[in-house]
Each structure stands twice: as C-alpha cells, then as structure tokens.
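As structure tokens, the structure follows; a few thoughts come after it.
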Amino acid sequence: MEYKVEPLLSTIQEKSALKGKALRKQGIQKKERPNRPEPDHVRYPTMQSLTLVMLQEFVDSFPNITIKAILADALYGTGDFMDKAAEITGGAQVVSQLRSNQKVSNRNHSEATLKAYFSRQKGAETQLIIRGGKEEQVTMLAARLYVKAHGKRRFVIALKYEGEEDYRYLVASDMSWRHTDIARIYTLRWLVEVFIQDWKAHCGWNRLSKQQGADGSQRGVILSLLCEHMLLLHPEQFVLLKNKQAGMPAGCLIERLNAEALLATVKSVVESEDPDTELKALALALEHTLPKRESSRHMAGRDLGEQKATDSLKAHARKFKLLDAA
C-alpha cells in the first residue's frame, strides 16, 4: 500500500477554505456554511491507517518479538491510532505528542488547553538520560489528564530541554509507567533519523534507487537492508554483537573495509616477486577503474553562443528605440 494525497479532495478543500474565509468575513455562521466533502479513506488511506496495517503485518510476521513501546510524532497522536496500536501489539506503551492547544481536564476542574493547564505549575528541573547515554538538564511536569480529543484519560508529560522556552507535550497510553521512563524511552525515536542518515550516507538509499513511487521506495530500503545485513558478517562487528555489545555504524564499517582493502593491496604489491611490475599494473587498473570526468561547473570549451551584439541587428535595435521614443 502507498500513501497518496486525494487530488480532488485537496483541490476542493483549498477552494472550500477560501470560500469559508469569505463567508466568515460576511458574518455567516459556521453552521450555515456548506460542509466540506468527506475524504475517501478507502481509495486514499491515511498515514495512520497505513502505519497500523504495517504494524499488524510486522506482528503477524514476527510473533516472537515483544514490542514494548511504539514511539511516534504528533501526526500519530490521535486517540484512535494510540488505542489500535496498543491493541495490535498486545498492550505496548504508545507514546506520541499533543498540540499545546488541545483541551484537557483533571477531576472536577474545567477544561483548559495543555499550555494553560501546565502554566499554573512550576516545572521540576531534573536530569534526563538520553538514549541510555549522556544526561541533559530538563524541566518536566506530568499529570494523568482527560484528553477531550481522545475521549479518555492519558498520561501527559510537559517537557522542555535547557535553553528552550516552550514545553513539548508527550502523551502515553499506559498510565502505569513512571513519567521519567516515558520521557526517557521517547528519546529513542531519534534512532529513526540515525538509520535514515546512515543509509543515505553509506548504504545507497535514495542514491542507487532513482525510481519514484512505491517501487522506488521499496527498492531503496531493500538495498540498504542488504548492505546493513552484509556488514553484520564483518569479523569485528560479529564479535561485538555476539558479546551483546554496541555494534559499529555502517559508515564506520565501510571505512574500515576500505582501509583493509587498501592495506591488502599494498601488501600484495610489496610481497610480490616483482613489486615494480605489480605497482604499474595496479596503477593501470586504477586508471581504467577511475575514468576522467568533466566538471559540469566549468564552462571551458563549451558552445555558449556569441554573447555580444550582432552588427546586422544593431540598426534594427536603433529603429525600435526611435519608434518607442515617438
């Protein structure tokens, strides 16, 4: 399945938004304005529904893997997604984010936005362990609040790092966790960015697969996964993982492989019976392997036109100037 924006709905919504703005300026009440068309989620499924399908496929394909937490950004911070994701994974903790203007309430208190609710209290300064490594100074508040958009109570955490002015609001489905553990595990969401960065830089993702659409995306991921799995066979990486230690990233391993290949080549030349001949053969092979390429930035030798006035057209230019002046 592939995510596609519904083209007709997108156009209609844009026109409807402009029309609604005009009607609002005319003083027409919202209930009297025409309703926006309903989206066709059957033909154009949302990102949330596609993610739930992939999550279900993963659970069905790997039943022996226990999912402890699902970490998502604010796009997936809806009550429907959080409930269904927790159900699919057998009750895993689902952590996402809420917007600062979302309505919440606590016990018999009236509704308030998240920003207004947490502004009543002074945050507690504490140390947050980031991805099991370094510690950072943060300001944190937490409360089990009724989230109006979700229709139920959630564990909401207001969090800001040192130097930040505004809180970000984490929301968790399982309220039996400690708020510090929820904030700590949410820092692992950054690992997605690490994977993408590593794959783009060293594993050919988006560089070796130029095809657009679903096929292009799948092939890029397949190439990156194959590269990553092949690197698991590197002797040093194999020993680290076997002893349950942190492995080396793909970029580090590829640099080591390049260095090992260079050393092996130099060793074969030095230890050969005729080093001079071997070195010349190596230089010739490199020359053929690394062909000379012209820089697209340098314009030397290219036909760029005359780039000057043409004598036969100067009279025409003067004639047009006189006509314009008249």
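In the structure tokens, chains take the letters A, B, ... in the order shown, each chain's residues start at 1, and ligands count up from 1 in the order shown.
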
- Query: Would you give me, as number ranges by chain, the residues in region 95-183 of chain A that DSSP reads as strand (DSSP E)?
  - Reply: A: 95-98, 103-105, 112-113, 124-129, 135-147, 152-161, 168-172

For the selection just defined, write its residues with N, CA and C atoms to a file, as a short mmCIF file (atom, residue, chain, number, x, y, z; two decimals), in the first residue's frame.
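And here's out-v1.cif as it stands now:
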data_model
loop_
_atom_site.label_atom_id
_atom_site.label_comp_id
_atom_site.auth_asym_id
_atom_site.auth_seq_id
_atom_site.Cartn_x
_atom_site.Cartn_y
_atom_site.Cartn_z
N VAL A 95 3.60 6.11 22.78
CA VAL A 95 3.96 7.47 23.18
C VAL A 95 3.98 8.35 21.94
N SER A 96 3.27 9.46 22.00
CA SER A 96 3.23 10.40 20.90
C SER A 96 3.27 11.82 21.48
N GLN A 97 2.84 12.79 20.70
CA GLN A 97 2.83 14.18 21.17
C GLN A 97 1.46 14.79 20.95
N LEU A 98 1.12 15.75 21.79
CA LEU A 98 -0.11 16.53 21.65
C LEU A 98 0.23 17.98 21.33
N LYS A 103 -7.49 20.45 24.37
CA LYS A 103 -8.24 20.62 25.62
C LYS A 103 -8.07 19.40 26.52
N VAL A 104 -7.81 19.68 27.81
CA VAL A 104 -7.68 18.62 28.81
C VAL A 104 -8.42 19.06 30.07
N SER A 105 -8.70 18.10 30.94
CA SER A 105 -9.31 18.42 32.23
C SER A 105 -8.85 17.39 33.25
N ALA A 112 -9.23 23.12 29.93
CA ALA A 112 -8.20 24.12 29.64
C ALA A 112 -7.27 23.55 28.59
N THR A 113 -6.57 24.42 27.89
CA THR A 113 -5.58 23.93 26.94
C THR A 113 -4.38 23.38 27.71
N ALA A 124 9.58 20.93 37.42
CA ALA A 124 10.69 20.41 38.23
C ALA A 124 11.90 20.18 37.33
N GLU A 125 13.03 20.74 37.73
CA GLU A 125 14.27 20.55 36.98
C GLU A 125 14.90 19.22 37.37
N THR A 126 15.28 18.46 36.37
CA THR A 126 15.86 17.14 36.62
C THR A 126 16.80 16.76 35.49
N GLN A 127 17.48 15.64 35.65
CA GLN A 127 18.38 15.12 34.63
C GLN A 127 17.67 14.00 33.86
N LEU A 128 17.67 14.10 32.54
CA LEU A 128 17.06 13.07 31.70
C LEU A 128 18.16 12.33 30.95
N ILE A 129 18.16 11.01 31.07
CA ILE A 129 19.16 10.19 30.37
C ILE A 129 18.71 10.03 28.92
N GLU A 135 23.47 12.59 30.00
CA GLU A 135 22.35 13.20 30.71
C GLU A 135 22.22 14.66 30.29
N GLU A 136 20.98 15.12 30.22
CA GLU A 136 20.71 16.52 29.89
C GLU A 136 19.75 17.12 30.91
N GLN A 137 19.95 18.41 31.17
CA GLN A 137 19.08 19.13 32.10
C GLN A 137 17.74 19.42 31.43
N VAL A 138 16.65 19.03 32.07
CA VAL A 138 15.31 19.27 31.52
C VAL A 138 14.39 19.79 32.62
N THR A 139 13.31 20.41 32.18
CA THR A 139 12.23 20.80 33.09
C THR A 139 11.01 19.96 32.73
N MET A 140 10.41 19.33 33.74
CA MET A 140 9.37 18.35 33.47
C MET A 140 8.19 18.50 34.42
N LEU A 141 7.01 18.28 33.86
CA LEU A 141 5.76 18.20 34.62
C LEU A 141 4.96 17.02 34.09
N ALA A 142 4.15 16.41 34.91
CA ALA A 142 3.37 15.26 34.46
C ALA A 142 2.04 15.19 35.19
N ALA A 143 1.02 14.70 34.49
CA ALA A 143 -0.31 14.53 35.10
C ALA A 143 -1.12 13.56 34.26
N ARG A 144 -1.99 12.82 34.94
CA ARG A 144 -2.92 11.93 34.24
C ARG A 144 -4.19 12.72 33.98
N LEU A 145 -4.36 13.14 32.73
CA LEU A 145 -5.42 14.07 32.37
C LEU A 145 -6.41 13.44 31.40
N TYR A 146 -7.63 13.95 31.46
CA TYR A 146 -8.64 13.55 30.49
C TYR A 146 -8.42 14.40 29.23
N VAL A 147 -8.06 13.73 28.13
CA VAL A 147 -7.83 14.42 26.86
C VAL A 147 -9.13 14.39 26.06
N LYS A 152 -10.71 9.99 26.63
CA LYS A 152 -10.28 9.19 27.77
C LYS A 152 -9.09 9.85 28.45
N ARG A 153 -8.70 9.28 29.59
CA ARG A 153 -7.58 9.81 30.36
C ARG A 153 -6.27 9.26 29.82
N ARG A 154 -5.28 10.13 29.73
CA ARG A 154 -3.94 9.76 29.27
C ARG A 154 -2.90 10.30 30.25
N PHE A 155 -1.70 9.76 30.14
CA PHE A 155 -0.57 10.28 30.91
C PHE A 155 0.10 11.34 30.04
N VAL A 156 0.04 12.59 30.46
CA VAL A 156 0.59 13.70 29.69
C VAL A 156 1.81 14.26 30.41
N ILE A 157 2.88 14.47 29.66
CA ILE A 157 4.14 14.97 30.23
C ILE A 157 4.54 16.24 29.49
N ALA A 158 4.74 17.31 30.22
CA ALA A 158 5.26 18.56 29.66
C ALA A 158 6.77 18.56 29.85
N LEU A 159 7.49 18.74 28.76
CA LEU A 159 8.95 18.58 28.80
C LEU A 159 9.61 19.66 27.97
N LYS A 160 10.65 20.27 28.53
CA LYS A 160 11.46 21.18 27.73
C LYS A 160 12.92 21.05 28.15
N TYR A 161 13.80 21.10 27.16
CA TYR A 161 15.23 20.97 27.40
C TYR A 161 15.82 22.33 27.77
N ARG A 168 7.14 20.86 25.16
CA ARG A 168 6.53 19.90 24.25
C ARG A 168 5.73 18.94 25.11
N TYR A 169 4.66 18.41 24.57
CA TYR A 169 3.73 17.63 25.38
C TYR A 169 3.67 16.18 24.88
N LEU A 170 4.23 15.28 25.67
CA LEU A 170 4.18 13.86 25.36
C LEU A 170 2.90 13.27 25.91
N VAL A 171 2.36 12.28 25.22
CA VAL A 171 1.15 11.60 25.68
C VAL A 171 1.39 10.10 25.59
N ALA A 172 1.03 9.39 26.65
CA ALA A 172 1.26 7.94 26.73
C ALA A 172 -0.05 7.23 26.99
#

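For the residues A:Asp83, A:Glu164, A:Glu273, A:Glu236, ranking by smallest atom-to-atom distance to Arg256 (chain A) using only C-alpha atoms places A:Glu236 first.
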
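The gap separating CA of Gly79 (chain A) from CA of Lys148 (chain A) is 9.6 Å, in Å to one decimal.
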
- Query: What lies within 10 Å of region 276-290 of chain A using only C-alpha atoms, ignoring chain neighbours under 6 positions off, as a PyMOL selection string?
  - Reply: chain A and resi 265-266+268-270

- Message: Applying 9 Å and only C-alpha atoms, which residues near Ala92 (chain A) remain after dropping the ones on its own chain fewer than 3 positions away? List them as a ChimeraX atom specification.
- Response: /A:66-70,85-89,173-174

- Query: How many Å separate CA of Val239 (chain A) from CA of Arg131 (chain A)?
  - Reply: 22.9 Å

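Taking CA of Cys227 (chain A) as the reference point, CA of Trp199 (chain A) is found at 8.9 Å.
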
- Task: Choose the residue, out of A:Ala116, A:Leu263, A:Ala149, A:Ile182, that has the smallest atom-to-atom separation from Leu71 (chain A); count only C-alpha atoms.
- Result: A:Ile182

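Comparing A:Met47, A:Leu55, A:Ala250, A:Leu262 by their smallest distance to Glu228 (chain A), the closest is A:Ala250 (using only C-alpha atoms).
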
- Message: Based on the backbone DSSP call, show me all residues of region 85-320 of chain A assigned helix (DSSP H, G or I), as a PyMOL selection string.
- Response: chain A and resi 85-88+114-119+179-202+213-231+235-242+250-270+275-289+311-320
